[in-house]
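S.K.: This is the structure, below, for whatever I ask next.
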2 protein chains.
Amino acid sequence: MTTASEGTAKEALIDALRRRGGRVTSQRLVINEILRELGRHATAEEIRERVEVHLPNVSLPTVYSTLELFEELGIVRSFRGGDGVTLYDPRTDPHPHLICESCGVATDLEAPLDLAGAIEAAKGAGFSPRTADLVVTGLCHSCASQA
Amino acid sequence: MTTASEGTAKEALIDALRRRGGRVTSQRLVINEILRELGRHATAEEIRERVEVHLPNVSLPTVYSTLELFEELGIVRSFRGGDGVTLYDPRTDPHPHLICESCGVATDLEAPLDLAGAIEAAKGAGFSPRTADLVVTGLCHSCASQA
DNA sequence: GTCGCTGCAAAGTATTTGCATAGCC
DNA sequence: GGCTATGCAAATACTTTGCAGCGAC
């Protein structure tokens with residue numbers, strides 16, 4: 001299945017790479033495709049496993065460097081999960097995350113969020129903010145039930 | 001120098017340990033003292049170095065397990081700094097952090113912060129929140145100047 | 001005297017780096 | 001053909017774990 005949005009995302013990546021003087025490689029195209037297909041955050045290892053299906057022998061260092069590049073291009077955001085593992089998110093709009101202390105699972109929280117005040121305060125403190133993330137830590141529904 | 005607040009913090013720790021059935025050891029007392037003295041977040045290694053002055057041969061695993069215990073007791077909060085290193089903070093009230101992407105330094109941001117909405121939204125989503133943290137990522141003043 | 005805490009050593013794991021090769025431009 | 005990106009392997013660094021001895025209670 002190839003949706004219109006996937007096609008658009010692909011063109012956008014190619015344009016961004018060209019503008020940067022970077023190369024359009026199959027690894028980058030597939031990793032981007034996987035991220036759009038997933039539509040949620042994932043670990044580097046998880047992404048590599050899914051890439052494997054479409055394109056064998058993609059190394060983890062390549063996945064890391066590609067995701068770092070995507071983050072610079074602004075098409076991916078990264079944050080640290082509960083167990084300290086880095087998660088990569090195709091959603092680039094700021095949204096709060098819930099992190100379970102027991103099972104480590106991170107989920108999105110759909111809630112209106114006003115980070116403008118904190119960003120302004122940061123600027124006032126001489127800091128140059130790029131992004132702001134809100135993380136709520138606690139127990140997810142299933143872990144809380146088991147306790 | 002031994003202030004009244006340090007004395008209070010010491011008594012509070014001893015009480016909390018007793019209630020828990022835990023033991024009052026010199027390592028625990030000194031680590032608590034160092035944290036109150038510092039008054040700001042620090043890494044496990046940094047804490048160990050400072051503890052060394054008062055009490056030699058304290059191992060890093062002991063520092064980690066003590067800080068984990070303190071977190072359970074609610075007298076310390078931990079969070080991940082920019083480079084993925086865990087920071088331990090004697091301030092237990094929620095307050096935003098600024099993390100520099102270039103030098104990795106984490107600083108407190110003194111700003112009024114309304115996390116109640118997000119916490120309520122998390123509850124509404126079936127999540128049991130314990131704490132919420134806001135992290136603003138970007139460049140600190142000195143790193144932004146150098147760029 | 002008992003049982004938890006500590007110190008030491010070693011393991012575990014996510015991520016980064018170096019270098020030779022392959023492949024995009 | 002030049003130069004970037006990739007793959008492989010190894011290194012790095014933080015944190016956790018196992019186990020024997022010490023010390024609080």
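Simple scheme: letters A, B, ... for chains in structure tokens order, numbers from 1 for residues in each chain, numbers from 1 for ligands in the order shown.
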If we count only C-alpha atoms (C1' of nucleotides), what is near range 77-86 of chain B at a cut-off of 6 Å, once residues fewer than 2 positions away on the same chain are taken out, given as a PyMOL selection string?

M.R.: chain B and resi 71+88-89+92+99+104

S.K.: Using only C-alpha atoms (C1' of nucleotides), I'd like a table of the residues in chain D that come within 10 Å of chain A; for each, show the closest atom pair and its distance in Å rounded to one decimal, ordered by chain and ascending number, as CSV.

M.R.:
residue,atom,partner,partner_atom,distance
D:DT4,C1',A:Arg23,CA,7.3
D:DA5,C1',A:Arg23,CA,7.8
D:DT6,C1',A:Thr62,CA,6.7
D:DG7,C1',A:Ser59,CA,6.1
D:DC8,C1',A:Ser59,CA,8.4

S.K.: Name the residues of range 38-143 of chain B that fall into helix (DSSP H, G or I) according to DSSP on the backbone, using the chain letters and numbers of this document, as number ranges by chain.

M.R.: B: 38, 44-54, 60-73, 116-124, 141-143

S.K.: Taking only C-alpha atoms into account, find every residue of chain A that has an atom no more than 10 Å from chain B, and write it out as a PyMOL selection string.

M.R.: chain A and resi 79-86+96-101+108-115+117-123+125-144

S.K.: Could you write out the selected residues, including N, CA and C atoms, as a tab-separated table (two decimals), in the first residue's frame?

M.R.:
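Dumped to again38.tsv:
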chain	number	residue	atom	x	y	z
A	79	PHE	N	13.24	11.63	21.89
A	79	PHE	CA	13.18	11.86	23.33
A	79	PHE	C	13.55	10.57	24.03
A	80	ARG	N	13.88	10.68	25.29
A	80	ARG	CA	14.30	9.52	26.06
A	80	ARG	C	13.11	8.85	26.74
A	81	GLY	N	13.01	7.55	26.58
A	81	GLY	CA	11.95	6.80	27.25
A	81	GLY	C	12.29	6.56	28.71
A	82	GLY	N	11.43	5.82	29.39
A	82	GLY	CA	11.59	5.61	30.82
A	82	GLY	C	12.86	4.87	31.20
A	83	ASP	N	13.28	3.95	30.39
A	83	ASP	CA	14.47	3.18	30.72
A	83	ASP	C	15.73	3.79	30.10
A	84	GLY	N	15.64	5.03	29.67
A	84	GLY	CA	16.82	5.71	29.14
A	84	GLY	C	17.08	5.43	27.67
A	85	VAL	N	16.20	4.68	27.05
A	85	VAL	CA	16.36	4.38	25.63
A	85	VAL	C	15.81	5.54	24.81
A	86	THR	N	16.48	5.87	23.73
A	86	THR	CA	16.04	6.97	22.88
A	86	THR	C	14.91	6.52	21.97
A	96	PRO	N	2.55	15.88	24.89
A	96	PRO	CA	3.05	15.26	26.11
A	96	PRO	C	3.17	13.75	25.96
A	97	HIS	N	4.08	13.18	26.72
A	97	HIS	CA	4.25	11.73	26.73
A	97	HIS	C	4.00	11.18	28.13
A	98	LEU	N	3.41	9.99	28.14
A	98	LEU	CA	3.23	9.26	29.40
A	98	LEU	C	4.25	8.14	29.42
A	99	ILE	N	5.00	8.03	30.51
A	99	ILE	CA	5.98	6.96	30.60
A	99	ILE	C	5.72	6.12	31.84
A	100	CYS	N	5.53	4.82	31.62
A	100	CYS	CA	5.25	3.90	32.73
A	100	CYS	C	6.56	3.50	33.40
A	101	GLU	N	6.63	3.69	34.70
A	101	GLU	CA	7.84	3.36	35.46
A	101	GLU	C	8.04	1.86	35.60
A	108	ASP	N	1.60	8.46	23.78
A	108	ASP	CA	1.26	9.86	23.57
A	108	ASP	C	0.08	10.25	24.44
A	109	LEU	N	0.07	11.49	24.87
A	109	LEU	CA	-1.09	12.01	25.57
A	109	LEU	C	-1.70	13.10	24.72
A	110	GLU	N	-2.96	12.89	24.35
A	110	GLU	CA	-3.62	13.90	23.53
A	110	GLU	C	-4.22	14.94	24.46
A	111	ALA	N	-3.49	15.99	24.69
A	111	ALA	CA	-4.00	17.04	25.57
A	111	ALA	C	-3.47	18.38	25.08
A	112	PRO	N	-4.32	19.38	25.15
A	112	PRO	CA	-3.85	20.72	24.79
A	112	PRO	C	-2.77	21.10	25.78
A	113	LEU	N	-1.75	21.73	25.30
A	113	LEU	CA	-0.57	21.93	26.13
A	113	LEU	C	0.01	23.30	25.84
A	114	ASP	N	0.19	24.08	26.89
A	114	ASP	CA	0.73	25.41	26.70
A	114	ASP	C	2.18	25.46	27.18
A	115	LEU	N	3.07	25.34	26.21
A	115	LEU	CA	4.48	25.38	26.55
A	115	LEU	C	5.07	26.75	26.25
A	117	GLY	N	4.65	29.63	27.61
A	117	GLY	CA	5.11	30.34	28.80
A	117	GLY	C	6.50	29.92	29.21
A	118	ALA	N	6.73	28.61	29.23
A	118	ALA	CA	8.04	28.08	29.63
A	118	ALA	C	9.10	28.48	28.62
A	119	ILE	N	8.73	28.46	27.33
A	119	ILE	CA	9.69	28.83	26.29
A	119	ILE	C	10.08	30.31	26.40
A	120	GLU	N	9.08	31.14	26.68
A	120	GLU	CA	9.36	32.57	26.87
A	120	GLU	C	10.26	32.79	28.08
A	121	ALA	N	9.94	32.06	29.16
A	121	ALA	CA	10.73	32.18	30.39
A	121	ALA	C	12.18	31.76	30.13
A	122	ALA	N	12.34	30.71	29.30
A	122	ALA	CA	13.68	30.23	28.96
A	122	ALA	C	14.45	31.30	28.20
A	123	LYS	N	13.78	31.93	27.23
A	123	LYS	CA	14.41	33.02	26.48
A	123	LYS	C	14.83	34.14	27.42
A	125	ALA	N	15.74	33.88	30.31
A	125	ALA	CA	16.88	33.46	31.12
A	125	ALA	C	18.16	33.37	30.28
A	126	GLY	N	18.10	33.84	29.03
A	126	GLY	CA	19.29	33.82	28.18
A	126	GLY	C	19.50	32.51	27.46
A	127	PHE	N	18.47	31.68	27.46
A	127	PHE	CA	18.56	30.37	26.82
A	127	PHE	C	17.92	30.45	25.44
A	128	SER	N	18.45	29.69	24.47
A	128	SER	CA	17.86	29.65	23.13
A	128	SER	C	17.12	28.34	22.94
A	129	PRO	N	15.82	28.31	23.20
A	129	PRO	CA	15.05	27.06	23.16
A	129	PRO	C	14.84	26.56	21.73
A	130	ARG	N	14.89	25.26	21.56
A	130	ARG	CA	14.55	24.66	20.27
A	130	ARG	C	13.24	23.91	20.39
A	131	THR	N	13.14	23.07	21.41
A	131	THR	CA	11.89	22.36	21.64
A	131	THR	C	11.61	22.26	23.13
A	132	ALA	N	10.38	21.90	23.46
A	132	ALA	CA	10.03	21.66	24.86
A	132	ALA	C	9.21	20.38	24.92
A	133	ASP	N	9.48	19.58	25.92
A	133	ASP	CA	8.77	18.32	26.06
A	133	ASP	C	8.24	18.15	27.47
A	134	LEU	N	7.01	17.71	27.54
A	134	LEU	CA	6.43	17.41	28.84
A	134	LEU	C	6.32	15.90	28.99
A	135	VAL	N	6.85	15.39	30.08
A	135	VAL	CA	6.80	13.95	30.33
A	135	VAL	C	6.10	13.69	31.65
A	136	VAL	N	5.04	12.91	31.61
A	136	VAL	CA	4.33	12.51	32.82
A	136	VAL	C	4.75	11.09	33.17
A	137	THR	N	5.29	10.92	34.36
A	137	THR	CA	5.78	9.62	34.79
A	137	THR	C	4.83	9.00	35.80
A	138	GLY	N	4.63	7.70	35.70
A	138	GLY	CA	3.73	7.04	36.65
A	138	GLY	C	3.52	5.59	36.24
A	139	LEU	N	2.32	5.10	36.44
A	139	LEU	CA	2.02	3.72	36.07
A	139	LEU	C	0.93	3.69	35.01
A	140	CYS	N	1.15	2.86	33.99
A	140	CYS	CA	0.13	2.73	32.96
A	140	CYS	C	-1.02	1.88	33.50
A	141	HIS	N	-2.10	1.86	32.76
A	141	HIS	CA	-3.31	1.20	33.24
A	141	HIS	C	-3.07	-0.26	33.63
A	142	SER	N	-2.40	-1.01	32.76
A	142	SER	CA	-2.24	-2.45	33.03
A	142	SER	C	-1.27	-2.69	34.19
A	143	CYS	N	-0.21	-1.88	34.29
A	143	CYS	CA	0.72	-2.06	35.41
A	143	CYS	C	0.08	-1.66	36.74
A	144	ALA	N	-0.75	-0.63	36.72
A	144	ALA	CA	-1.42	-0.20	37.94
A	144	ALA	C	-2.42	-1.26	38.41

S.K.: Might you pull out every residue within 10 Å of range 7-12 of chain A, with only C-alpha atoms (C1' of nucleotides) counted and same-chain residues fewer than 4 positions away left off, and present them as a list in words?

M.R.: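 So, after excluding close chain neighbours, the residues are Thr2, Thr3, Ala16, Leu17, Arg18, Arg28, Leu29, Val30, Asn32, Glu33, Arg36 and Ile75 of chain A.
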
S.K.: Restricting it to C-alpha atoms, dump the selection as a PDB file, in the first residue's frame.

M.R.:
ATOM      1  CA  THR A   2       1.284   3.408  -0.980  1.00  0.00           C
ATOM      2  CA  THR A   3      -0.830   6.283   0.207  1.00  0.00           C
ATOM      3  CA  ALA A  16      15.270  18.278   1.862  1.00  0.00           C
ATOM      4  CA  LEU A  17      18.228  15.994   1.127  1.00  0.00           C
ATOM      5  CA  ARG A  18      18.932  17.697  -2.194  1.00  0.00           C
ATOM      6  CA  ARG A  28      17.106   6.765   4.036  1.00  0.00           C
ATOM      7  CA  LEU A  29      14.011   6.307   1.906  1.00  0.00           C
ATOM      8  CA  VAL A  30      13.041   3.072   3.628  1.00  0.00           C
ATOM      9  CA  ASN A  32      11.496   7.376   6.367  1.00  0.00           C
ATOM     10  CA  GLU A  33       8.789   5.138   4.943  1.00  0.00           C
ATOM     11  CA  ARG A  36       5.485   7.293   8.415  1.00  0.00           C
ATOM     12  CA  ILE A  75      11.055  15.458  10.151  1.00  0.00           C
TER      13      ILE A  75
END

S.K.: Given only C-alpha atoms as the basis, pick out the residue of B:Ala116, B:Ala42, B:Val105, B:Leu13 nearest to Arg91 in chain B.

M.R.: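 Closest to Arg91 in chain B, using only C-alpha atoms: B:Ala42.
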
S.K.: Could you tell me which residues of chain C sit within 9 Å of chain B when counting only C-alpha atoms (C1' of nucleotides), and give me the result as a ChimeraX atom specification?

M.R.: /C:4-8

S.K.: Point out the residue among B:Glu68, B:Ser26, B:Ala106, B:Gly74 with the least atom-to-atom distance to Asp93 in chain B, counting only C-alpha atoms.

M.R.: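 That would be B:Gly74, the residue with the smallest distance to Asp93 in chain B.
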
S.K.: As an exercise, work out the distance from C1' of DT16 in chain D to CA of Glu37 in chain B in Å and give it to one decimal place.

M.R.: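 So the two atoms, C1' of DT16 in chain D and CA of Glu37 in chain B, lie 27.5 Å apart.
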
S.K.: Go through D:DC19, D:DC3, D:DA10, D:DA24 one by one, measure the shortest atom-to-atom distance of each to DG18 in chain C using only C-alpha atoms (C1' of nucleotides), and give the residue with the smallest value.

M.R.: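 The closest residue to DG18 in chain C is D:DA10.
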
S.K.: Between CA of Glu72 in chain B and CA of Thr107 in chain B, what is the spacing in Å?

M.R.: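 Distance between the two atoms: 23.4 Å.
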